[in-house]
Amino acid sequence: MTPTPAQSHQISLAKPDSSLVTALLVAVTVLLVLFLLLRHVVRKRGGWRRFRRGVARELALTRRAFGEPLRAFRRHRRGVRALSRHLCDPRSGLLVRRLLDAAAGALSDVPGAFAHGLRTEPGWAAVQIAARRLPDPPAPWEVEDELGGQSWCLSLDDEESLPDAAPRAGARVRPLPVAVGMADDLCVHLDLAAGPRMITVEGDAATRSRLLQAMAAQLDRPGSGASVTVADGVHPHYHGEPLDSVLRRLEETPSPTTGEGAVASSITVVVCASPT
């Protein structure tokens, strides 16, 4: 009888990879160190609740800072569209002059007070007044605390709400308004006739040139109430007369005679790049 050899069973155990174990240990150690550092910072900041509020505030400020250029561009485009609508509508200029005339008439009894600016939006307007002490506005003018103490506002919902445009007694010139820009979605108008006889535009070279050209174009529109002469150097594509020739011609031209207390129908405006 031949004995049967016993069958042997082999069991193999895999040896762990030393590099994998090392990487796991390093990762756990780094995470533990980071957690301890974060815990230390949170404790110095006053706890998890205050730390979360601070992180949320910083994220909100970062999002606002990165989104501000886009919002500024949108505001700029909205302002350009609003100014374009105003300048393309001839009734807008008539309305601005009527409101400035009405404010001047309401200030006829206040010594030294005059209206020099206007802010408008559809259905609403506010006139800016220079005065030592602003009187109470007559109807339909009103006062709003949000605008400050030197403004009268007016609702323009219908034609009946518009005040009578009576020129101020003793005024020599009529209002000469120009739109100079936007502020808080409001179109800002400046009455050039209310200021000094010489008005300069200063600031960045490119910006002031565009503003000067835009103001000259508004004054040269039909019905503006101004006789405009543009001298050489204002616009690169417009070659006007030299400034000395313009001034010499104006000095030799006799001024129109008006009666006592009469209001001049037009005002002569010279636009130049470098006044002498």
# chains A, B, ... in the order shown; residues from 1 in each chain; ligands from 1
>>> residues_around(residues="A:Leu192", least_positions_apart="5", cutoff="12 Å", atoms="only C-alpha atoms", output="PyMOL selection string")
chain A and resi 97+100+115-118+173-180+197-200+215-216+218-219+224-226+267-269
>>> select_by_dssp(residues="stretch 11-207 of chain A", states="strand (DSSP E or B)", output="ChimeraX atom specification")
/A:114-121,124-130,142,151-155,173,177-183,186-191
>>> select_by_dssp(residues="stretch 15-215 of chain A", states="alpha helix (DSSP H)", output="VMD selection string")
chain A and resid 18 to 44 48 to 88 90 to 106 205 to 215
>>> closest_residue(among="A:Val28, A:Ala130, A:Ala65, A:Ala82", to="A:Met182", atoms="only C-alpha atoms")
A:Ala82
>>> atom_distance(atom1="atom CA of A:Ala131", atom2="atom CA of A:Pro111")
8.4 Å
>>> closest_residue(among="A:Arg57, A:Asp101, A:Ser92, A:Glu68", to="A:Ala193", atoms="only C-alpha atoms")
A:Asp101
>>> closest_residue(among="A:Asp109, A:Glu142, A:Glu121, A:Glu252", to="A:Val96", atoms="only C-alpha atoms")
A:Glu121
>>> atom_distance(atom1="atom CA of A:Ala205", atom2="atom CA of A:Arg81")
24.1 Å
>>> closest_residue(among="A:Gln150, A:Ser108, A:Ser266, A:Ser19", to="A:Arg132", atoms="only C-alpha atoms")
A:Gln150
>>> residues_around(residues="A:Pro242", least_positions_apart="4", cutoff="10 Å", atoms="only C-alpha atoms", output="PDB file with all heavy atoms, in the first residue's frame")
ATOM      1  N   VAL A 230     -16.610 129.595 -32.226  1.00  0.00           N
ATOM      2  CA  VAL A 230     -15.604 128.621 -31.811  1.00  0.00           C
ATOM      3  C   VAL A 230     -14.272 129.014 -32.427  1.00  0.00           C
ATOM      4  O   VAL A 230     -14.150 129.093 -33.659  1.00  0.00           O
ATOM      5  CB  VAL A 230     -16.002 127.196 -32.233  1.00  0.00           C
ATOM      6  CG1 VAL A 230     -14.948 126.188 -31.771  1.00  0.00           C
ATOM      7  CG2 VAL A 230     -17.365 126.834 -31.651  1.00  0.00           C
ATOM      8  N   ALA A 231     -13.295 129.256 -31.573  1.00  0.00           N
ATOM      9  CA  ALA A 231     -11.977 129.667 -32.048  1.00  0.00           C
ATOM     10  C   ALA A 231     -11.154 128.457 -32.465  1.00  0.00           C
ATOM     11  O   ALA A 231     -11.543 127.297 -32.250  1.00  0.00           O
ATOM     12  CB  ALA A 231     -11.252 130.466 -30.962  1.00  0.00           C
ATOM     13  N   ASP A 232     -10.017 128.739 -33.040  1.00  0.00           N
ATOM     14  CA  ASP A 232      -9.128 127.676 -33.500  1.00  0.00           C
ATOM     15  C   ASP A 232      -8.520 126.933 -32.318  1.00  0.00           C
ATOM     16  O   ASP A 232      -8.188 127.530 -31.298  1.00  0.00           O
ATOM     17  CB  ASP A 232      -8.012 128.283 -34.359  1.00  0.00           C
ATOM     18  CG  ASP A 232      -7.187 127.215 -35.063  1.00  0.00           C
ATOM     19  OD1 ASP A 232      -7.715 126.112 -35.288  1.00  0.00           O
ATOM     20  OD2 ASP A 232      -6.011 127.487 -35.366  1.00  0.00           O
ATOM     21  N   GLY A 233      -8.382 125.594 -32.470  1.00  0.00           N
ATOM     22  CA  GLY A 233      -7.773 124.782 -31.438  1.00  0.00           C
ATOM     23  C   GLY A 233      -8.738 124.049 -30.540  1.00  0.00           C
ATOM     24  O   GLY A 233      -8.318 123.221 -29.727  1.00  0.00           O
ATOM     25  N   VAL A 246     -10.986 137.024 -33.246  1.00  0.00           N
ATOM     26  CA  VAL A 246     -12.363 136.980 -32.740  1.00  0.00           C
ATOM     27  C   VAL A 246     -12.599 138.088 -31.732  1.00  0.00           C
ATOM     28  O   VAL A 246     -13.611 138.813 -31.784  1.00  0.00           O
ATOM     29  CB  VAL A 246     -12.657 135.598 -32.121  1.00  0.00           C
ATOM     30  CG1 VAL A 246     -14.033 135.593 -31.470  1.00  0.00           C
ATOM     31  CG2 VAL A 246     -12.580 134.505 -33.170  1.00  0.00           C
ATOM     32  N   LEU A 247     -11.679 138.276 -30.802  1.00  0.00           N
ATOM     33  CA  LEU A 247     -11.849 139.316 -29.784  1.00  0.00           C
ATOM     34  C   LEU A 247     -11.802 140.708 -30.402  1.00  0.00           C
ATOM     35  O   LEU A 247     -12.554 141.605 -29.991  1.00  0.00           O
ATOM     36  CB  LEU A 247     -10.755 139.167 -28.724  1.00  0.00           C
ATOM     37  CG  LEU A 247     -10.787 137.858 -27.908  1.00  0.00           C
ATOM     38  CD1 LEU A 247      -9.656 137.834 -26.899  1.00  0.00           C
ATOM     39  CD2 LEU A 247     -12.129 137.669 -27.210  1.00  0.00           C
ATOM     40  N   CYS A 272     -12.854 128.849 -26.699  1.00  0.00           N
ATOM     41  CA  CYS A 272     -11.455 128.834 -27.116  1.00  0.00           C
ATOM     42  C   CYS A 272     -10.706 127.804 -26.288  1.00  0.00           C
ATOM     43  O   CYS A 272     -11.117 127.431 -25.181  1.00  0.00           O
ATOM     44  CB  CYS A 272     -10.807 130.205 -26.966  1.00  0.00           C
ATOM     45  SG  CYS A 272     -10.868 130.868 -25.306  1.00  0.00           S
TER      46      CYS A 272
END
>>> atom_distance(atom1="atom CA of A:Ser227", atom2="atom CA of A:Leu99")
21.7 Å
